[in-house]
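Source file: entry-v1.csv (CSV, C-alpha atoms)
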chain,number,residue,atom,x,y,z
A,180,MET,CA,120.8,113.2,70.7
A,181,SER,CA,117.6,113.6,68.7
A,182,SER,CA,114.9,111.0,69.2
A,183,THR,CA,113.2,111.8,65.8
A,184,THR,CA,113.7,108.9,63.4
A,185,LEU,CA,114.5,109.2,59.7
A,186,ALA,CA,111.1,107.6,59.0
A,187,ASP,CA,109.4,110.3,61.0
A,188,GLU,CA,111.2,113.0,59.0
A,189,ILE,CA,110.3,111.3,55.7
A,190,ARG,CA,106.6,111.1,56.7
A,191,LYS,CA,106.7,114.7,57.9
A,192,ARG,CA,108.0,116.0,54.5
A,193,LEU,CA,105.8,113.9,52.2
A,194,GLY,CA,103.7,116.9,51.4
A,195,ASP,CA,106.7,118.8,50.2
A,196,LEU,CA,107.7,116.2,47.7
A,197,SER,CA,106.8,116.0,44.0
A,198,PRO,CA,104.6,112.9,43.0
A,199,ALA,CA,107.7,111.1,41.6
A,200,GLU,CA,109.8,111.9,44.8
A,201,ARG,CA,106.8,110.7,46.9
A,202,LYS,CA,107.1,107.3,45.2
A,203,VAL,CA,110.7,107.2,46.3
A,204,ALA,CA,109.8,108.1,49.9
A,205,ARG,CA,107.1,105.4,50.0
A,206,VAL,CA,109.6,102.8,48.8
A,207,LEU,CA,112.0,103.9,51.6
A,208,LEU,CA,109.2,103.7,54.2
A,209,ALA,CA,107.8,100.4,53.0
A,210,GLY,CA,111.1,98.7,53.4
A,211,TYR,CA,112.5,100.8,56.3
A,212,PRO,CA,115.2,100.6,57.4
A,213,ALA,CA,116.8,98.1,55.1
A,214,ALA,CA,115.5,99.9,51.9
A,215,VAL,CA,117.5,103.0,52.7
A,216,PHE,CA,120.8,101.0,52.3
A,217,GLU,CA,119.9,99.9,48.8
A,218,THR,CA,121.7,101.4,45.9
A,219,VAL,CA,120.2,104.5,44.2
A,220,ALA,CA,119.6,102.4,41.0
A,221,THR,CA,117.7,99.7,43.0
A,222,ILE,CA,115.5,102.2,44.7
A,223,ALA,CA,114.8,104.0,41.5
A,224,ASP,CA,113.8,100.7,39.9
A,225,ARG,CA,111.4,99.8,42.7
A,226,ALA,CA,109.8,103.3,42.6
A,227,SER,CA,109.6,103.3,38.8
A,228,VAL,CA,111.5,106.6,38.7
A,229,SER,CA,114.9,107.8,37.4
A,230,ALA,CA,118.0,107.8,39.5
A,231,PRO,CA,118.2,111.6,39.6
A,232,THR,CA,114.7,111.6,41.1
A,233,VAL,CA,116.0,109.5,44.0
A,234,LEU,CA,118.9,112.0,44.5
A,235,ARG,CA,116.4,114.9,44.4
A,236,CYS,CA,114.2,113.2,46.9
A,237,ALA,CA,117.2,112.9,49.3
A,238,SER,CA,117.9,116.6,48.8
A,239,ARG,CA,114.3,117.6,49.4
A,240,LEU,CA,114.3,115.6,52.6
A,241,GLY,CA,117.1,117.9,53.8
A,242,PHE,CA,120.2,115.9,53.1
A,243,LYS,CA,123.3,116.9,51.0
A,244,GLY,CA,123.0,113.6,49.0
A,245,PHE,CA,121.9,110.0,49.3
A,246,PRO,CA,125.1,108.9,51.2
A,247,ASP,CA,124.2,111.7,53.8
A,248,LEU,CA,120.7,110.2,54.2
A,249,GLN,CA,122.2,106.7,54.7
A,250,ALA,CA,124.7,108.1,57.3
A,251,ALA,CA,121.7,109.6,59.2
A,252,LEU,CA,120.1,106.1,59.3
A,253,ARG,CA,123.4,104.5,60.5
A,254,ALA,CA,123.5,107.0,63.4
A,255,GLU,CA,119.8,106.2,64.2
A,256,LEU,CA,120.5,102.5,64.3
A,257,ASP,CA,123.5,103.0,66.6
A,258,ALA,CA,121.2,105.0,68.9
A,259,ARG,CA,118.6,102.2,68.8
A,260,THR,CA,121.2,99.7,70.2
A,261,ALA,CA,123.0,102.1,72.5
A,262,SER,CA,123.9,100.7,75.9
A,263,PRO,CA,124.5,102.8,79.1
A,264,ILE,CA,128.2,102.2,78.7
A,265,THR,CA,128.1,103.5,75.1
A,266,LEU,CA,126.2,106.6,76.2
A,267,TYR,CA,128.5,107.2,79.2
A,268,GLU,CA,131.6,107.0,77.0
A,269,ALA,CA,130.0,109.4,74.5
A,270,SER,CA,129.1,112.0,77.1
A,271,GLY,CA,131.8,111.6,79.7
A,272,PRO,CA,131.4,111.7,83.5
A,273,SER,CA,129.4,114.5,85.1
A,274,ARG,CA,131.1,117.5,86.5
A,275,PRO,CA,131.3,118.1,90.3
A,276,GLY,CA,129.4,120.9,91.9
A,277,GLU,CA,130.8,124.4,92.1
A,278,ARG,CA,130.9,126.8,95.1
A,279,ASP,CA,129.1,130.1,95.0
A,280,GLU,CA,130.3,133.4,96.6
A,281,SER,CA,129.0,132.3,100.0
A,282,GLY,CA,131.0,129.0,99.9
A,283,GLN,CA,127.9,126.8,99.4
A,284,THR,CA,128.2,124.0,96.9
A,285,THR,CA,125.9,124.4,93.9
A,286,ASN,CA,125.1,121.7,91.5
A,287,PRO,CA,123.8,122.7,88.1
A,288,ARG,CA,122.7,119.2,87.4
A,289,LEU,CA,119.4,119.6,89.3
A,290,ALA,CA,118.2,122.5,87.2
A,291,THR,CA,119.4,120.9,84.0
A,292,ASP,CA,117.8,117.5,84.8
A,293,LEU,CA,114.6,119.2,85.7
A,294,SER,CA,114.5,120.9,82.4
A,295,VAL,CA,115.2,117.7,80.5
A,296,VAL,CA,112.5,115.7,82.4
A,297,ARG,CA,109.9,118.4,81.9
A,298,HIS,CA,110.6,118.5,78.2
A,299,ALA,CA,110.6,114.7,77.8
A,300,VAL,CA,107.3,114.3,79.7
A,301,SER,CA,105.7,117.2,77.7
A,302,GLN,CA,106.9,115.8,74.4
A,303,THR,CA,105.7,112.3,75.2
A,304,PHE,CA,102.2,113.5,76.0
A,305,GLU,CA,102.0,115.8,73.0
A,306,GLU,CA,103.0,112.9,70.7
A,307,VAL,CA,100.3,110.5,72.0
A,308,ALA,CA,97.6,110.1,69.4
A,309,PRO,CA,94.2,110.7,71.2
A,310,HIS,CA,92.5,107.8,69.3
A,311,GLU,CA,95.3,105.4,70.4
A,312,PHE,CA,95.0,106.5,74.0
A,313,ASP,CA,91.2,106.0,73.8
A,314,ASP,CA,91.6,102.6,72.2
A,315,ALA,CA,93.9,101.5,75.0
A,316,VAL,CA,91.5,102.7,77.6
A,317,HIS,CA,88.6,100.9,75.9
A,318,LEU,CA,90.6,97.6,75.8
A,319,LEU,CA,91.8,97.8,79.4
A,320,SER,CA,88.4,98.7,80.8
A,321,ASP,CA,86.5,95.9,79.0
A,322,PRO,CA,85.5,93.4,81.7
A,323,ARG,CA,85.2,90.6,79.1
A,324,ARG,CA,88.9,90.8,78.3
A,325,ARG,CA,91.8,89.3,80.3
A,326,VAL,CA,94.8,91.6,80.6
A,327,HIS,CA,98.4,90.4,80.6
A,328,VAL,CA,101.4,92.6,81.3
A,329,ALA,CA,105.1,92.0,80.7
A,330,GLY,CA,108.3,94.1,80.8
A,331,GLY,CA,112.0,93.8,80.4
A,332,ARG,CA,115.2,94.2,82.4
A,333,PHE,CA,114.1,97.5,83.9
A,334,THR,CA,110.7,98.0,82.4
A,335,HIS,CA,109.2,95.1,84.3
A,336,LEU,CA,108.9,97.7,87.1
A,337,LEU,CA,106.5,99.7,84.8
A,338,ALA,CA,104.6,96.5,83.9
A,339,HIS,CA,104.1,95.6,87.5
A,340,TYR,CA,103.2,99.2,88.4
A,341,LEU,CA,100.5,99.2,85.7
A,342,GLY,CA,99.3,95.7,86.6
A,343,LEU,CA,99.1,96.3,90.3
A,344,HIS,CA,96.9,99.3,89.8
A,345,LEU,CA,94.6,97.5,87.4
A,346,THR,CA,94.1,94.6,89.9
A,347,GLN,CA,92.7,97.1,92.3
A,348,PHE,CA,89.6,97.9,90.2
A,349,ARG,CA,89.2,95.1,87.6
A,350,ASP,CA,89.4,91.3,87.4
A,351,GLN,CA,91.6,89.1,85.2
A,352,VAL,CA,94.9,90.9,85.3
A,353,GLN,CA,98.0,88.6,85.1
A,354,PHE,CA,101.7,89.1,85.1
A,355,LEU,CA,104.0,87.1,82.7
A,356,PRO,CA,105.5,84.3,84.8
A,357,ALA,CA,109.3,84.4,85.2
A,358,ARG,CA,110.0,80.7,85.1
A,359,ASP,CA,110.1,78.9,81.8
A,360,VAL,CA,107.5,76.2,82.4
A,361,GLU,CA,104.9,78.5,83.8
A,362,ARG,CA,105.7,81.1,81.0
A,363,THR,CA,105.2,78.5,78.3
A,364,SER,CA,101.9,77.4,79.8
A,365,PHE,CA,100.8,81.0,80.1
A,366,LEU,CA,101.6,81.9,76.5
A,367,THR,CA,99.9,78.7,75.2
A,368,GLN,CA,96.7,79.9,76.8
A,369,LEU,CA,96.6,83.3,75.0
A,370,ALA,CA,93.2,83.8,73.4
A,371,ARG,CA,91.1,86.1,71.3
A,372,ARG,CA,89.7,88.2,74.1
A,373,ASP,CA,93.1,88.8,75.7
A,374,VAL,CA,94.9,92.2,75.8
A,375,THR,CA,98.7,91.9,76.1
A,376,VAL,CA,100.6,95.0,77.3
A,377,LEU,CA,104.3,94.9,76.6
A,378,PHE,CA,107.1,97.3,77.7
A,379,ASP,CA,110.1,97.0,75.4
A,380,TYR,CA,112.9,99.7,75.3
A,381,ARG,CA,116.3,99.7,73.7
A,382,ARG,CA,118.2,97.3,73.8
A,383,TYR,CA,115.1,95.3,72.8
A,384,GLU,CA,114.4,91.8,74.0
A,385,ALA,CA,113.5,89.2,71.4
A,386,ASP,CA,110.9,87.5,73.5
A,387,LYS,CA,108.7,90.6,73.6
A,388,THR,CA,108.4,90.5,69.8
A,389,VAL,CA,107.6,86.7,70.0
A,390,ILE,CA,104.9,87.4,72.7
A,391,ALA,CA,103.3,90.1,70.5
A,392,GLU,CA,103.3,87.7,67.5
A,393,LEU,CA,101.7,84.9,69.6
A,394,ALA,CA,99.1,87.3,71.0
A,395,ARG,CA,98.1,88.5,67.5
A,396,GLU,CA,98.1,85.0,66.0
A,397,ARG,CA,95.5,84.0,68.6
A,398,GLY,CA,93.4,87.0,67.7
A,399,GLY,CA,94.2,89.0,70.8
A,400,LYS,CA,95.0,92.7,71.1
A,401,VAL,CA,98.5,94.1,71.8
A,402,ILE,CA,99.6,97.4,73.4
A,403,VAL,CA,103.3,98.2,73.3
A,404,PHE,CA,105.1,100.9,75.3
A,405,THR,CA,108.5,101.7,73.6
A,406,ASP,CA,111.0,104.4,72.8
A,407,PRO,CA,111.1,106.6,69.8
A,408,TRP,CA,113.2,104.1,67.9
A,409,LEU,CA,110.5,101.5,68.2
A,410,SER,CA,110.7,98.0,69.5
A,411,PRO,CA,110.3,95.3,66.8
A,412,ALA,CA,107.2,94.2,68.9
A,413,ALA,CA,105.5,97.5,67.8
A,414,ALA,CA,105.0,95.9,64.3
A,415,HIS,CA,102.5,93.5,65.8
A,416,ALA,CA,100.7,96.0,68.1
A,417,ASP,CA,97.2,97.5,67.9
A,418,VAL,CA,98.3,100.5,70.1
A,419,VAL,CA,101.8,101.8,70.3
A,420,PHE,CA,102.9,104.4,72.9
A,421,THR,CA,106.3,105.9,72.2
A,422,THR,CA,107.7,107.7,75.2
A,423,GLN,CA,110.8,109.9,75.3
A,424,VAL,CA,113.8,108.5,77.2
A,425,THR,CA,116.2,111.5,77.2
A,426,SER,CA,117.9,112.0,80.5
A,427,GLY,CA,120.9,113.6,82.1
A,428,SER,CA,122.6,110.3,82.6
A,429,PRO,CA,123.8,107.4,80.5
A,430,TYR,CA,120.6,105.6,81.4
A,431,ASP,CA,117.3,106.0,79.6
A,432,SER,CA,114.7,107.8,81.6
A,433,LEU,CA,111.4,105.9,82.3
A,434,THR,CA,109.8,109.0,83.9
A,435,PRO,CA,107.8,109.9,80.9
A,436,ALA,CA,106.6,106.3,80.5
A,437,LEU,CA,105.6,106.2,84.2
A,438,ALA,CA,103.7,109.5,83.8
A,439,LEU,CA,101.8,108.1,80.8
A,440,VAL,CA,101.0,104.9,82.7
A,441,GLU,CA,99.5,106.9,85.5
A,442,SER,CA,97.4,108.9,83.1
A,443,LEU,CA,96.2,105.6,81.5
A,444,VAL,CA,95.4,104.1,84.9
A,445,ALA,CA,93.3,107.1,85.8
A,446,ALA,CA,91.4,107.0,82.5
A,447,VAL,CA,90.7,103.3,82.8
A,448,LEU,CA,89.4,103.7,86.3
A,449,GLU,CA,87.1,106.5,85.1
A,450,SER,CA,85.9,104.4,82.2
A,451,ILE,CA,85.1,101.4,84.4
A,452,GLY,CA,83.2,103.8,86.8
A,453,GLU,CA,81.2,102.5,89.7
A,454,LYS,CA,82.1,98.9,89.2
A,455,GLY,CA,85.7,99.8,89.6
A,456,HIS,CA,84.9,101.7,92.8
A,457,GLU,CA,83.0,98.7,94.2
A,458,ARG,CA,86.0,96.5,93.3
A,459,MET,CA,88.4,98.8,95.1
A,460,LYS,CA,86.2,98.8,98.3
A,461,HIS,CA,86.0,95.0,98.2
A,462,SER,CA,89.7,94.7,97.8
A,463,GLU,CA,90.3,97.1,100.7
A,464,SER,CA,87.9,95.1,102.9
A,465,VAL,CA,89.6,91.8,102.1
A,466,ALA,CA,93.1,93.3,102.7
A,467,ARG,CA,92.0,94.6,106.1
A,468,ARG,CA,90.4,91.2,107.1
A,469,THR,CA,93.6,89.3,106.2
A,470,GLY,CA,95.9,91.8,107.9
A,471,LEU,CA,97.6,93.0,104.8
A,472,ILE,CA,96.9,96.7,105.6

Can the structure from this file be put into structure tokens for me?
Amino acid sequence: MSSTTLADEIRKRLGDLSPAERKVARVLLAGYPAAVFETVATIADRASVSAPTVLRCASRLGFKGFPDLQAALRAELDARTASPITLYEASGPSRPGERDESGQTTNPRLATDLSVVRHAVSQTFEEVAPHEFDDAVHLLSDPRRRVHVAGGRFTHLLAHYLGLHLTQFRDQVQFLPARDVERTSFLTQLARRDVTVLFDYRRYEADKTVIAELARERGGKVIVFTDPWLSPAAAHADVVFTTQVTSGSPYDSLTPALALVESLVAAVLESIGEKGHERMKHSESVARRTGLI
């Protein structure tokens, strides 16, 4: 299943469109995804072009017609909300291993999965915008800012992995509390110098979008890690990292996201420099004195 969205395809082909067709494309992008499901006449009116121009735009974007373009979006939206059981039923159970000439059991899954993971990690890193990565490093290495991290059902593991590393070499790193009362108090205290890092992957969790909204309303900065279909929280983010989730199972892979988190941690530590090194030594000393290591 392709992880390239229809919006990505439209942006990619903007340069191939005529000025009138480009107006149509911009209307589609401005109201994406709902605008794509409008009638041809409505889109033409909003773009101030003729109905045939809308149809030509769909054709230039690589579709047989406008209904074909809409069908592509429906498939994309289905992918956005796909659950593991949906993906399992679509792909079917894995095949058992086979025996080679010597009688040894071989399993083609290992080679296949390795190829999938390599490609997903490589694509993730290639698609990271250098300026966004630099912005994230700058925000997370600024000692004047508090850093808050939060994840979802599975991605809370990534949030804690990032947060635990940051606590080793910088102050003021906090995890979103699990209990309602503490969480409410925590969110009430969000402020202008805060950086909120959210991990939100399909099927998206509404509270992550609300947290991003609250953080931005208070003047803070927001970093969102999400999949190629984009969490709604990404609309409120200053930095968005989209990581590939393709895997050989019905479950989305978090390996590319983990690899990117590790790269980010290394860059933040390098940015903080000697102060980070001193903080690490102090943490080590305290841990030894208290018998934690």

Can you pull out every residue within 10 Å of segment 307-323 of chain A, counting all atoms listed in the file, but drop anything in the same chain fewer than 5 positions away, and send it as a ChimeraX atom specification?
/A:302,345,348-352,372-376,400-402,417-422,439,442-452,454-455

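Of the listed residues (A:Val296, A:Val219, A:Ala186, A:Ala251), A:Ala186 comes nearest to Ala204 of chain A; the distances count only C-alpha atoms.
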
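Going from atom CA of Thr184 of chain A to atom CA of Leu337 of chain A covers 24.4 Å.
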
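Residue nearest Ala214 of chain A, chosen from A:Ala199, A:Val389, A:Leu437, A:Leu248 and counting all atoms listed in the file: A:Leu248.
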
Calculate how many Å separate atom CA of Ala230 of chain A from atom CA of Lys191 of chain A, rounding to one decimal.
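Calculated distance between atom CA of Ala230 of chain A and atom CA of Lys191 of chain A is 22.7 Å.
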
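One distance worth recording is that between atom CA of Ala466 of chain A and atom CA of Glu441 of chain A, which is 22.8 Å.
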
Just the residues within 12 Å of Leu196 of chain A, please, counting all atoms listed in the file, with nothing from its chain fewer than 3 positions along; format it as a list in words.
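Once the adjacent positions are removed, what remains is Ile189, Arg190, Lys191, Arg192, Leu193, Ala199, Glu200, Arg201, Lys202, Val203, Ala204, Arg205, Thr232, Val233, Arg235, Cys236, Ala237, Ser238, Arg239, Leu240 and Gly241 of chain A.
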
Starting from the point (107.8, 95.8, 80.6), work out which residues of protein, DNA or RNA have an atom no more than 12 Å away when counting all atoms listed in the file; state them as a ChimeraX atom specification.
/A:327-342,354-355,375-381,383-384,386-387,390,402-405,410,412,433,436-437,440

Keeping only C-alpha atoms, take the residues you just selected and write them out as a JSON list (two decimals), keeping the file's coordinate frame.
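Done, and the output landed in selection.json:
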[["chain", "number", "residue", "atom", "x", "y", "z"],
["A", 327, "HIS", "CA", 98.40, 90.40, 80.60],
["A", 328, "VAL", "CA", 101.40, 92.60, 81.30],
["A", 329, "ALA", "CA", 105.10, 92.00, 80.70],
["A", 330, "GLY", "CA", 108.30, 94.10, 80.80],
["A", 331, "GLY", "CA", 112.00, 93.80, 80.40],
["A", 332, "ARG", "CA", 115.20, 94.20, 82.40],
["A", 333, "PHE", "CA", 114.10, 97.50, 83.90],
["A", 334, "THR", "CA", 110.70, 98.00, 82.40],
["A", 335, "HIS", "CA", 109.20, 95.10, 84.30],
["A", 336, "LEU", "CA", 108.90, 97.70, 87.10],
["A", 337, "LEU", "CA", 106.50, 99.70, 84.80],
["A", 338, "ALA", "CA", 104.60, 96.50, 83.90],
["A", 339, "HIS", "CA", 104.10, 95.60, 87.50],
["A", 340, "TYR", "CA", 103.20, 99.20, 88.40],
["A", 341, "LEU", "CA", 100.50, 99.20, 85.70],
["A", 342, "GLY", "CA", 99.30, 95.70, 86.60],
["A", 354, "PHE", "CA", 101.70, 89.10, 85.10],
["A", 355, "LEU", "CA", 104.00, 87.10, 82.70],
["A", 375, "THR", "CA", 98.70, 91.90, 76.10],
["A", 376, "VAL", "CA", 100.60, 95.00, 77.30],
["A", 377, "LEU", "CA", 104.30, 94.90, 76.60],
["A", 378, "PHE", "CA", 107.10, 97.30, 77.70],
["A", 379, "ASP", "CA", 110.10, 97.00, 75.40],
["A", 380, "TYR", "CA", 112.90, 99.70, 75.30],
["A", 381, "ARG", "CA", 116.30, 99.70, 73.70],
["A", 383, "TYR", "CA", 115.10, 95.30, 72.80],
["A", 384, "GLU", "CA", 114.40, 91.80, 74.00],
["A", 386, "ASP", "CA", 110.90, 87.50, 73.50],
["A", 387, "LYS", "CA", 108.70, 90.60, 73.60],
["A", 390, "ILE", "CA", 104.90, 87.40, 72.70],
["A", 402, "ILE", "CA", 99.60, 97.40, 73.40],
["A", 403, "VAL", "CA", 103.30, 98.20, 73.30],
["A", 404, "PHE", "CA", 105.10, 100.90, 75.30],
["A", 405, "THR", "CA", 108.50, 101.70, 73.60],
["A", 410, "SER", "CA", 110.70, 98.00, 69.50],
["A", 412, "ALA", "CA", 107.20, 94.20, 68.90],
["A", 433, "LEU", "CA", 111.40, 105.90, 82.30],
["A", 436, "ALA", "CA", 106.60, 106.30, 80.50],
["A", 437, "LEU", "CA", 105.60, 106.20, 84.20],
["A", 440, "VAL", "CA", 101.00, 104.90, 82.70]]

Here is a test: counting all atoms listed in the file, which residue of A:Ser197, A:Ser294, A:Thr303, A:Gln368 is nearest to Asp406 of chain A?
A:Thr303
